[in-house]
$ cat structure01.txt   # compact mmCIF, C-alpha atoms and all ligand atoms
# COMPACT_ATOMS: atom_id res chain seq x y z
CA MET A 1 -60.45 86.88 -64.12
CA PHE A 2 -61.74 83.98 -62.13
CA ASN A 3 -59.29 81.25 -61.53
CA PHE A 4 -61.36 78.09 -61.83
CA PHE A 5 -58.39 75.97 -60.85
CA HIS A 6 -57.74 77.71 -57.57
CA LYS A 7 -58.15 75.27 -54.73
CA THR A 8 -57.99 75.99 -51.04
CA THR A 9 -56.28 73.12 -49.32
CA ALA A 10 -57.40 72.41 -45.77
CA PRO A 11 -54.53 72.45 -43.28
CA LYS A 12 -53.25 69.00 -42.35
CA PRO A 13 -53.31 68.13 -38.66
CA LEU A 14 -49.78 67.88 -37.28
CA PHE A 15 -48.67 67.25 -33.72
CA PRO A 16 -46.24 69.83 -32.28
CA TYR A 17 -43.82 66.98 -31.41
CA THR A 18 -42.78 63.63 -32.86
CA THR A 19 -42.63 61.62 -29.61
CA GLU A 20 -45.93 60.86 -27.90
CA VAL A 21 -45.36 60.50 -24.15
CA HIS A 22 -48.88 59.84 -22.90
CA CYS A 23 -51.48 57.57 -24.50
CA HIS A 24 -53.55 54.47 -23.86
CA LEU A 25 -53.10 52.51 -27.07
CA LEU A 26 -51.92 49.13 -25.77
CA PRO A 27 -54.82 46.73 -26.30
CA GLY A 28 -57.11 45.47 -23.57
CA ILE A 29 -55.32 46.44 -20.36
CA ASP A 30 -57.00 49.68 -19.28
CA ASP A 31 -59.79 52.02 -20.42
CA GLY A 32 -57.98 52.80 -23.69
CA ALA A 33 -57.96 50.70 -26.87
CA PRO A 34 -59.89 47.50 -26.04
CA ASP A 35 -58.13 45.36 -28.66
CA THR A 36 -55.64 45.48 -31.54
CA GLU A 37 -58.44 46.29 -34.03
CA HIS A 38 -58.98 49.57 -32.19
CA ALA A 39 -55.32 50.27 -31.43
CA LEU A 40 -53.95 49.91 -34.97
CA PRO A 41 -56.05 52.62 -36.69
CA LEU A 42 -55.23 55.02 -33.85
CA LEU A 43 -51.51 54.35 -34.25
CA ARG A 44 -51.87 54.83 -38.01
CA GLN A 45 -53.67 58.10 -37.41
CA VAL A 46 -51.09 59.59 -35.07
CA HIS A 47 -48.34 58.50 -37.44
CA GLU A 48 -50.08 60.38 -40.26
CA TRP A 49 -50.14 63.40 -37.97
CA GLY A 50 -46.38 63.36 -37.53
CA ILE A 51 -45.74 61.01 -34.60
CA GLU A 52 -42.68 58.83 -35.14
CA LYS A 53 -42.27 57.40 -31.65
CA VAL A 54 -44.98 56.39 -29.17
CA ILE A 55 -44.36 55.64 -25.52
CA ALA A 56 -47.54 53.84 -24.45
CA THR A 57 -48.57 54.67 -20.88
CA PRO A 58 -51.34 52.36 -19.67
CA HIS A 59 -52.87 53.08 -16.27
CA VAL A 60 -51.40 51.48 -13.21
CA THR A 61 -54.04 52.20 -10.58
CA GLU A 62 -54.81 50.34 -7.39
CA ALA A 63 -57.93 48.14 -7.56
CA THR A 64 -58.85 49.38 -11.07
CA PHE A 65 -55.93 48.66 -13.38
CA GLU A 66 -53.19 46.90 -11.48
CA ASN A 67 -51.00 46.44 -14.52
CA THR A 68 -47.57 44.86 -14.13
CA PRO A 69 -44.54 44.57 -16.43
CA GLN A 70 -46.07 41.21 -17.42
CA THR A 71 -49.54 42.46 -18.43
CA VAL A 72 -48.11 45.50 -20.20
CA GLY A 73 -45.43 43.46 -21.95
CA ASP A 74 -48.01 40.93 -23.13
CA ALA A 75 -50.25 43.68 -24.58
CA TYR A 76 -47.22 45.18 -26.32
CA GLU A 77 -46.39 41.78 -27.85
CA ARG A 78 -49.99 41.28 -29.03
CA LEU A 79 -49.95 44.63 -30.80
CA THR A 80 -46.48 44.57 -32.29
CA ARG A 81 -46.78 41.06 -33.76
CA GLU A 82 -49.76 42.18 -35.89
CA PRO A 83 -48.59 42.41 -39.53
CA GLU A 84 -50.37 45.76 -39.84
CA PHE A 85 -48.22 47.17 -37.05
CA GLY A 86 -45.10 46.72 -39.15
CA GLU A 87 -46.78 48.39 -42.13
CA ILE A 88 -47.48 51.56 -40.14
CA GLY A 89 -43.78 52.05 -39.44
CA ILE A 90 -44.05 53.69 -36.04
CA GLN A 91 -41.68 53.11 -33.13
CA LEU A 92 -43.48 51.79 -30.06
CA SER A 93 -42.25 51.33 -26.52
CA TYR A 94 -44.02 51.32 -23.19
CA SER A 95 -43.97 52.71 -19.70
CA ALA A 96 -47.05 53.52 -17.61
CA GLU A 97 -49.15 56.26 -16.07
CA TYR A 98 -48.75 55.63 -12.36
CA ARG A 99 -51.48 56.72 -10.00
CA MET A 100 -49.89 57.85 -6.75
CA ASP A 101 -51.39 55.32 -4.36
CA ASP A 102 -50.34 52.41 -2.08
CA ASN A 103 -49.96 50.11 -5.07
CA PHE A 104 -47.42 52.52 -6.57
CA LEU A 105 -45.52 52.78 -3.28
CA ASN A 106 -45.32 48.97 -3.17
CA LEU A 107 -44.08 48.82 -6.76
CA LEU A 108 -41.43 51.41 -5.94
CA GLN A 109 -40.29 49.42 -2.95
CA ARG A 110 -40.08 46.24 -5.01
CA ASN A 111 -38.32 48.04 -7.87
CA GLU A 112 -41.02 47.00 -10.33
CA ILE A 113 -41.31 50.31 -12.14
CA MET A 114 -41.31 50.59 -15.94
CA PRO A 115 -39.65 53.98 -16.48
CA MET A 116 -39.53 55.99 -19.68
CA PRO A 117 -36.19 56.79 -21.31
CA GLY A 118 -34.03 58.87 -18.98
CA ASN A 119 -35.72 57.26 -15.95
CA HIS A 120 -38.72 59.56 -16.31
CA ILE A 121 -41.93 58.39 -14.64
CA LEU A 122 -45.37 59.66 -15.54
CA ILE A 123 -47.36 60.08 -12.31
CA GLU A 124 -50.92 61.18 -11.72
CA ASN A 125 -53.17 62.20 -8.85
CA SER A 126 -56.71 61.03 -8.34
CA PHE A 127 -59.18 63.58 -9.74
CA LEU A 128 -60.87 63.75 -6.34
CA GLN A 129 -57.88 64.67 -4.18
CA PRO A 130 -54.12 65.05 -4.46
CA PHE A 131 -51.80 62.38 -3.12
CA TRP A 132 -51.47 63.34 0.53
CA ASN A 133 -47.70 63.64 0.50
CA ILE A 134 -46.85 64.53 -3.07
CA LYS A 135 -43.85 66.77 -2.37
CA GLU A 136 -42.15 64.10 -0.28
CA LEU A 137 -42.96 61.45 -2.87
CA ILE A 138 -41.40 63.60 -5.60
CA PHE A 139 -38.30 63.93 -3.45
CA ASP A 140 -38.19 60.15 -2.79
CA LEU A 141 -38.53 59.44 -6.51
CA GLN A 142 -35.65 61.76 -7.25
CA LEU A 143 -33.53 60.07 -4.55
CA LYS A 144 -34.17 56.77 -6.29
CA GLY A 145 -32.91 58.29 -9.54
CA TYR A 146 -36.28 58.89 -11.20
CA ALA A 147 -37.41 62.09 -12.90
CA PRO A 148 -41.13 62.52 -12.20
CA ILE A 149 -43.48 64.03 -14.75
CA LEU A 150 -46.93 64.98 -13.46
CA ALA A 151 -49.61 63.99 -15.98
CA HIS A 152 -52.22 66.62 -16.87
CA PRO A 153 -51.76 68.98 -13.87
CA GLU A 154 -54.43 71.20 -15.46
CA ARG A 155 -57.11 68.54 -14.89
CA TYR A 156 -56.94 68.53 -11.09
CA ALA A 157 -59.64 71.00 -10.08
CA TYR A 158 -58.22 71.30 -6.54
CA TYR A 159 -54.94 72.57 -8.08
CA SER A 160 -56.40 74.87 -10.72
CA ALA A 161 -58.54 76.51 -8.01
CA ASP A 162 -55.37 77.53 -6.17
CA LYS A 163 -52.58 77.75 -8.71
CA LYS A 164 -49.61 78.48 -6.45
CA ILE A 165 -49.09 74.72 -6.06
CA TYR A 166 -48.06 74.51 -9.71
CA GLN A 167 -44.97 76.65 -9.28
CA GLU A 168 -44.14 74.87 -6.01
CA LEU A 169 -44.25 71.39 -7.56
CA HIS A 170 -42.34 72.56 -10.61
CA ASP A 171 -39.70 74.19 -8.38
CA HIS A 172 -39.36 70.85 -6.59
CA GLY A 173 -38.20 69.44 -9.92
CA CYS A 174 -41.44 67.78 -11.00
CA GLU A 175 -41.97 68.33 -14.71
CA PHE A 176 -45.44 68.84 -16.20
CA GLN A 177 -47.19 67.10 -19.10
CA VAL A 178 -50.28 68.96 -20.30
CA ASN A 179 -52.95 67.29 -22.45
CA LEU A 180 -53.63 68.65 -25.93
CA LEU A 181 -57.23 67.62 -25.29
CA SER A 182 -57.32 70.05 -22.35
CA LEU A 183 -56.12 72.92 -24.55
CA ALA A 184 -58.69 71.83 -27.12
CA GLY A 185 -61.46 72.24 -24.54
CA TYR A 186 -62.43 68.59 -24.65
CA TYR A 187 -62.87 68.04 -20.90
CA ASN A 188 -64.19 71.29 -19.43
CA LYS A 189 -63.61 75.01 -19.18
CA SER A 190 -61.49 74.88 -16.06
CA SER A 191 -59.00 72.34 -17.53
CA ARG A 192 -58.70 74.46 -20.61
CA GLU A 193 -58.09 77.66 -18.68
CA ALA A 194 -55.56 75.99 -16.39
CA ALA A 195 -53.76 74.50 -19.41
CA GLU A 196 -53.59 77.93 -21.07
CA TRP A 197 -52.35 79.42 -17.80
CA LEU A 198 -49.57 76.79 -17.56
CA VAL A 199 -48.56 77.54 -21.16
CA ALA A 200 -48.45 81.27 -20.42
CA LYS A 201 -46.30 80.67 -17.31
CA HIS A 202 -43.87 78.45 -19.25
CA LEU A 203 -44.63 75.53 -16.96
CA VAL A 204 -45.36 73.02 -19.72
CA ASP A 205 -42.49 70.61 -20.30
CA TYR A 206 -44.35 68.06 -22.40
CA LEU A 207 -47.57 67.98 -24.34
CA GLY A 208 -49.38 64.69 -24.77
CA SER A 209 -52.52 63.40 -26.41
CA ASP A 210 -53.67 61.09 -23.56
CA MET A 211 -55.51 59.39 -26.41
CA HIS A 212 -57.80 56.53 -25.41
CA ASN A 213 -60.15 56.13 -28.38
CA SER A 214 -61.35 57.37 -31.77
CA ASN A 215 -63.45 60.10 -30.16
CA HIS A 216 -60.28 61.63 -28.80
CA ALA A 217 -58.65 61.32 -32.22
CA LEU A 218 -61.54 63.08 -33.89
CA TYR A 219 -61.45 65.94 -31.43
CA LEU A 220 -57.67 66.24 -31.66
CA GLY A 221 -57.75 66.25 -35.46
CA LYS A 222 -60.02 69.30 -35.41
CA TYR A 223 -58.00 71.06 -32.73
CA LEU A 224 -54.66 70.53 -34.52
CA THR A 225 -55.94 72.54 -37.49
CA SER A 226 -57.50 75.32 -35.40
CA LYS A 227 -56.33 78.88 -34.81
CA ASP A 228 -56.35 78.17 -31.07
CA PHE A 229 -53.74 75.46 -31.57
CA VAL A 230 -51.46 77.82 -33.47
CA LYS A 231 -51.86 80.38 -30.69
CA HIS A 232 -51.22 77.84 -27.92
CA ILE A 233 -47.99 76.39 -29.30
CA LYS A 234 -46.45 79.65 -30.47
CA GLY A 235 -43.00 79.81 -28.88
CA ILE A 236 -43.58 76.77 -26.65
CA GLN A 237 -40.45 74.79 -25.72
CA LEU A 238 -41.26 71.10 -25.44
CA LYS A 239 -39.05 68.25 -24.23
CA ASN A 240 -41.06 65.46 -25.90
CA ASP A 241 -38.48 64.77 -28.55
CA THR A 242 -35.67 64.40 -26.02
CA LEU A 243 -37.28 61.14 -24.82
FE FE A 301 -53.73 58.97 -19.24
$ encode --input "structure01.txt" --output "structure tokens"
Amino acid sequence: MFNFFHKTTAPKPLFPYTTEVHCHLLPGIDDGAPDTEHALPLLRQVHEWGIEKVIATPHVTEATFENTPQTVGDAYERLTREPEFGEIGIQLSYSAEYRMDDNFLNLLQRNEIMPMPGNHILIENSFLQPFWNIKELIFDLQLKGYAPILAHPERYAYYSADKKIYQELHDHGCEFQVNLLSLAGYYNKSSREAAEWLVAKHLVDYLGSDMHNSNHALYLGKYLTSKDFVKHIKGIQLKNDTL
């Protein structure tokens, strides 16, 4: 007999964690959401996909996005005082994604860092070249009581071309945050392969969306319901929800 009432329900996208540790959803301060009208639907979307807590991480990059506790705090206020923000019911806090550059070194010296819970700091390299003295900087950060997390290590082509650096940095106590968009194949083949390699080597401490816009959301939504996603996160041990 045919069952005319049989329906196949499409799987619902669901993040593999409830705390987002890397995204650009504070309005108007970097290349992420340009205003609250763009930020709110993205927050609503990630909440529908299981995110309860968002740590916004706007860029702090010399010459491009020299954000300060003031500019970030103001953007946070603009977003959270929107009535719609309260309706979404998501917890929002902020830190930053710090490019390792002279600006960052100055901020460190002046103690003007906005750390994540547990004194974690999300740091990134330029995509063109690594910070010249990254191992020493990691050590200095740790001496100052910070716990560095390297953002999207899989996206630095100069690292993925010679992968022994990954284990070295991780052994130095630098944790890794891999982008879901890398695993999804959004950027390029080499980021995807490096991300899968890091998963296989158990070097992924955190996953993050690194979401900037609705294009990213669309791509993520498809990936989170894919077979690849199920394969990638099988058995993975994430620390997202400890923050
Ligand atoms: Fe980012």
$ axis_aligned_box --input "structure01.txt" --around "range 190-199 of chain A" --padding-each-side "4 Å" --output "JSON"
{"center_x": -55.0, "center_y": 75.9, "center_z": -18.6, "size_x": 20.9, "size_y": 15.1, "size_z": 13.1}
$ closest_residue --input "structure01.txt" --among "A:His216, A:His120, A:Lys144, A:Arg110" --to "ligand FE 301 (chain A)" --atoms "all atoms listed in the file"
A:His216
$ residues_near_ligand --input "structure01.txt" --ligand "ligand FE 301 (chain A)" --cutoff "7 Å" --atoms "all atoms listed in the file" --output "JSON, numbers by chain"
{"A": [22, 23, 24, 57, 59, 97, 210]}
$ closest_atom_pairs --input "structure01.txt" --of "range 154-211 of chain A" --to "range 34-49 of chain A" --cutoff "12 Å" --atoms "only C-alpha atoms" --output "tab-separated table"
residue	atom	partner	partner_atom	distance
A:Gly208	CA	A:Val46	CA	11.6
A:Ser209	CA	A:Val46	CA	9.6
A:Asp210	CA	A:Val46	CA	11.9
A:Met211	CA	A:Leu42	CA	8.6
$ atom_distance --input "structure01.txt" --atom1 "CA of Tyr98 in chain A" --atom2 "CA of Leu14 in chain A"
27.8 Å
$ closest_residue --input "structure01.txt" --among "A:Asn67, A:Ser214, A:Ser160, A:Thr80" --to "Arg192 in chain A" --atoms "all atoms listed in the file"
A:Ser160
$ closest_residue --input "structure01.txt" --among "A:Ala157, A:Val230, A:Leu224, A:Ile165" --to "Ala194 in chain A" --atoms "only C-alpha atoms"
A:Ala157
$ closest_residue --input "structure01.txt" --among "A:Lys135, A:Thr225, A:Ala147, A:Asp102" --to "Ile121 in chain A" --atoms "all atoms listed in the file"
A:Ala147
$ closest_residue --input "structure01.txt" --among "A:Val60, A:Leu26, A:Leu128, A:Ile149" --to "Glu112 in chain A" --atoms "only C-alpha atoms"
A:Val60
$ closest_residue --input "structure01.txt" --among "A:Asp171, A:Glu154, A:Glu82, A:Glu20" --to "Asn188 in chain A" --atoms "all atoms listed in the file"
A:Glu154
$ build_atoms --input "structure01.txt" --residues "range 157-192 of chain A" --atoms "N, CA and C atoms" --output "PDB file, in the frame of the given file"
ATOM      1  N   ALA A 157     -58.893  69.769 -10.409  1.00  0.00           N
ATOM      2  CA  ALA A 157     -59.640  71.000 -10.080  1.00  0.00           C
ATOM      3  C   ALA A 157     -59.139  71.623  -8.778  1.00  0.00           C
ATOM      4  N   TYR A 158     -58.695  70.769  -7.832  1.00  0.00           N
ATOM      5  CA  TYR A 158     -58.220  71.300  -6.540  1.00  0.00           C
ATOM      6  C   TYR A 158     -56.892  72.039  -6.711  1.00  0.00           C
ATOM      7  N   TYR A 159     -56.160  71.801  -7.792  1.00  0.00           N
ATOM      8  CA  TYR A 159     -54.940  72.570  -8.080  1.00  0.00           C
ATOM      9  C   TYR A 159     -55.281  73.848  -8.857  1.00  0.00           C
ATOM     10  N   SER A 160     -56.127  73.696  -9.876  1.00  0.00           N
ATOM     11  CA  SER A 160     -56.400  74.870 -10.720  1.00  0.00           C
ATOM     12  C   SER A 160     -57.164  75.949  -9.938  1.00  0.00           C
ATOM     13  N   ALA A 161     -57.828  75.532  -8.832  1.00  0.00           N
ATOM     14  CA  ALA A 161     -58.540  76.510  -8.010  1.00  0.00           C
ATOM     15  C   ALA A 161     -57.568  77.336  -7.171  1.00  0.00           C
ATOM     16  N   ASP A 162     -56.365  76.828  -6.994  1.00  0.00           N
ATOM     17  CA  ASP A 162     -55.370  77.530  -6.170  1.00  0.00           C
ATOM     18  C   ASP A 162     -54.000  77.272  -6.789  1.00  0.00           C
ATOM     19  N   LYS A 163     -53.659  78.113  -7.782  1.00  0.00           N
ATOM     20  CA  LYS A 163     -52.580  77.750  -8.710  1.00  0.00           C
ATOM     21  C   LYS A 163     -51.161  77.836  -8.151  1.00  0.00           C
ATOM     22  N   LYS A 164     -51.003  78.334  -6.919  1.00  0.00           N
ATOM     23  CA  LYS A 164     -49.610  78.480  -6.450  1.00  0.00           C
ATOM     24  C   LYS A 164     -48.902  77.125  -6.321  1.00  0.00           C
ATOM     25  N   ILE A 165     -49.662  76.063  -6.148  1.00  0.00           N
ATOM     26  CA  ILE A 165     -49.090  74.720  -6.060  1.00  0.00           C
ATOM     27  C   ILE A 165     -48.314  74.348  -7.328  1.00  0.00           C
ATOM     28  N   TYR A 166     -48.742  74.873  -8.470  1.00  0.00           N
ATOM     29  CA  TYR A 166     -48.060  74.510  -9.710  1.00  0.00           C
ATOM     30  C   TYR A 166     -46.585  74.913  -9.666  1.00  0.00           C
ATOM     31  N   GLN A 167     -46.358  76.179  -9.315  1.00  0.00           N
ATOM     32  CA  GLN A 167     -44.970  76.650  -9.280  1.00  0.00           C
ATOM     33  C   GLN A 167     -44.178  75.878  -8.226  1.00  0.00           C
ATOM     34  N   GLU A 168     -44.830  75.593  -7.094  1.00  0.00           N
ATOM     35  CA  GLU A 168     -44.140  74.870  -6.010  1.00  0.00           C
ATOM     36  C   GLU A 168     -43.686  73.485  -6.489  1.00  0.00           C
ATOM     37  N   LEU A 169     -44.596  72.746  -7.100  1.00  0.00           N
ATOM     38  CA  LEU A 169     -44.250  71.390  -7.560  1.00  0.00           C
ATOM     39  C   LEU A 169     -43.166  71.453  -8.634  1.00  0.00           C
ATOM     40  N   HIS A 170     -43.312  72.420  -9.529  1.00  0.00           N
ATOM     41  CA  HIS A 170     -42.340  72.560 -10.610  1.00  0.00           C
ATOM     42  C   HIS A 170     -40.974  72.930 -10.039  1.00  0.00           C
ATOM     43  N   ASP A 171     -40.961  73.812  -9.030  1.00  0.00           N
ATOM     44  CA  ASP A 171     -39.700  74.190  -8.380  1.00  0.00           C
ATOM     45  C   ASP A 171     -39.065  73.001  -7.659  1.00  0.00           C
ATOM     46  N   HIS A 172     -39.895  72.047  -7.228  1.00  0.00           N
ATOM     47  CA  HIS A 172     -39.360  70.850  -6.590  1.00  0.00           C
ATOM     48  C   HIS A 172     -38.757  69.887  -7.622  1.00  0.00           C
ATOM     49  N   GLY A 173     -38.818  70.261  -8.882  1.00  0.00           N
ATOM     50  CA  GLY A 173     -38.200  69.440  -9.920  1.00  0.00           C
ATOM     51  C   GLY A 173     -39.154  68.471 -10.588  1.00  0.00           C
ATOM     52  N   CYS A 174     -40.460  68.633 -10.323  1.00  0.00           N
ATOM     53  CA  CYS A 174     -41.440  67.780 -11.000  1.00  0.00           C
ATOM     54  C   CYS A 174     -41.830  68.457 -12.316  1.00  0.00           C
ATOM     55  N   GLU A 175     -41.618  67.753 -13.410  1.00  0.00           N
ATOM     56  CA  GLU A 175     -41.970  68.330 -14.710  1.00  0.00           C
ATOM     57  C   GLU A 175     -43.466  68.118 -14.968  1.00  0.00           C
ATOM     58  N   PHE A 176     -44.004  68.892 -15.913  1.00  0.00           N
ATOM     59  CA  PHE A 176     -45.440  68.840 -16.200  1.00  0.00           C
ATOM     60  C   PHE A 176     -45.706  68.387 -17.634  1.00  0.00           C
ATOM     61  N   GLN A 177     -46.706  67.524 -17.774  1.00  0.00           N
ATOM     62  CA  GLN A 177     -47.190  67.100 -19.100  1.00  0.00           C
ATOM     63  C   GLN A 177     -48.652  67.537 -19.212  1.00  0.00           C
ATOM     64  N   VAL A 178     -48.915  68.452 -20.096  1.00  0.00           N
ATOM     65  CA  VAL A 178     -50.280  68.960 -20.300  1.00  0.00           C
ATOM     66  C   VAL A 178     -50.927  68.231 -21.481  1.00  0.00           C
ATOM     67  N   ASN A 179     -52.228  67.974 -21.365  1.00  0.00           N
ATOM     68  CA  ASN A 179     -52.950  67.290 -22.450  1.00  0.00           C
ATOM     69  C   ASN A 179     -53.366  68.257 -23.558  1.00  0.00           C
ATOM     70  N   LEU A 180     -53.113  67.870 -24.796  1.00  0.00           N
ATOM     71  CA  LEU A 180     -53.630  68.650 -25.930  1.00  0.00           C
ATOM     72  C   LEU A 180     -55.153  68.723 -25.861  1.00  0.00           C
ATOM     73  N   LEU A 181     -55.760  67.628 -25.379  1.00  0.00           N
ATOM     74  CA  LEU A 181     -57.230  67.620 -25.290  1.00  0.00           C
ATOM     75  C   LEU A 181     -57.737  68.654 -24.283  1.00  0.00           C
ATOM     76  N   SER A 182     -56.925  68.985 -23.294  1.00  0.00           N
ATOM     77  CA  SER A 182     -57.320  70.050 -22.350  1.00  0.00           C
ATOM     78  C   SER A 182     -57.311  71.388 -23.068  1.00  0.00           C
ATOM     79  N   LEU A 183     -56.218  71.649 -23.795  1.00  0.00           N
ATOM     80  CA  LEU A 183     -56.120  72.920 -24.550  1.00  0.00           C
ATOM     81  C   LEU A 183     -57.232  73.010 -25.578  1.00  0.00           C
ATOM     82  N   ALA A 184     -57.634  71.859 -26.100  1.00  0.00           N
ATOM     83  CA  ALA A 184     -58.690  71.830 -27.120  1.00  0.00           C
ATOM     84  C   ALA A 184     -60.072  72.080 -26.510  1.00  0.00           C
ATOM     85  N   GLY A 185     -60.165  72.029 -25.182  1.00  0.00           N
ATOM     86  CA  GLY A 185     -61.460  72.240 -24.540  1.00  0.00           C
ATOM     87  C   GLY A 185     -62.311  70.985 -24.463  1.00  0.00           C
ATOM     88  N   TYR A 186     -61.674  69.846 -24.615  1.00  0.00           N
ATOM     89  CA  TYR A 186     -62.430  68.590 -24.650  1.00  0.00           C
ATOM     90  C   TYR A 186     -63.070  68.245 -23.307  1.00  0.00           C
ATOM     91  N   TYR A 187     -62.355  68.498 -22.210  1.00  0.00           N
ATOM     92  CA  TYR A 187     -62.870  68.040 -20.900  1.00  0.00           C
ATOM     93  C   TYR A 187     -63.842  69.041 -20.289  1.00  0.00           C
ATOM     94  N   ASN A 188     -63.350  70.231 -20.003  1.00  0.00           N
ATOM     95  CA  ASN A 188     -64.190  71.290 -19.430  1.00  0.00           C
ATOM     96  C   ASN A 188     -63.442  72.615 -19.476  1.00  0.00           C
ATOM     97  N   LYS A 189     -64.165  73.654 -19.081  1.00  0.00           N
ATOM     98  CA  LYS A 189     -63.610  75.010 -19.180  1.00  0.00           C
ATOM     99  C   LYS A 189     -62.426  75.197 -18.231  1.00  0.00           C
ATOM    100  N   SER A 190     -62.541  74.633 -17.043  1.00  0.00           N
ATOM    101  CA  SER A 190     -61.490  74.880 -16.060  1.00  0.00           C
ATOM    102  C   SER A 190     -60.172  74.202 -16.455  1.00  0.00           C
ATOM    103  N   SER A 191     -60.241  72.986 -17.054  1.00  0.00           N
ATOM    104  CA  SER A 191     -59.000  72.340 -17.530  1.00  0.00           C
ATOM    105  C   SER A 191     -58.378  73.160 -18.645  1.00  0.00           C
ATOM    106  N   ARG A 192     -59.227  73.674 -19.491  1.00  0.00           N
ATOM    107  CA  ARG A 192     -58.700  74.460 -20.610  1.00  0.00           C
ATOM    108  C   ARG A 192     -58.010  75.725 -20.114  1.00  0.00           C
TER     109      ARG A 192
END
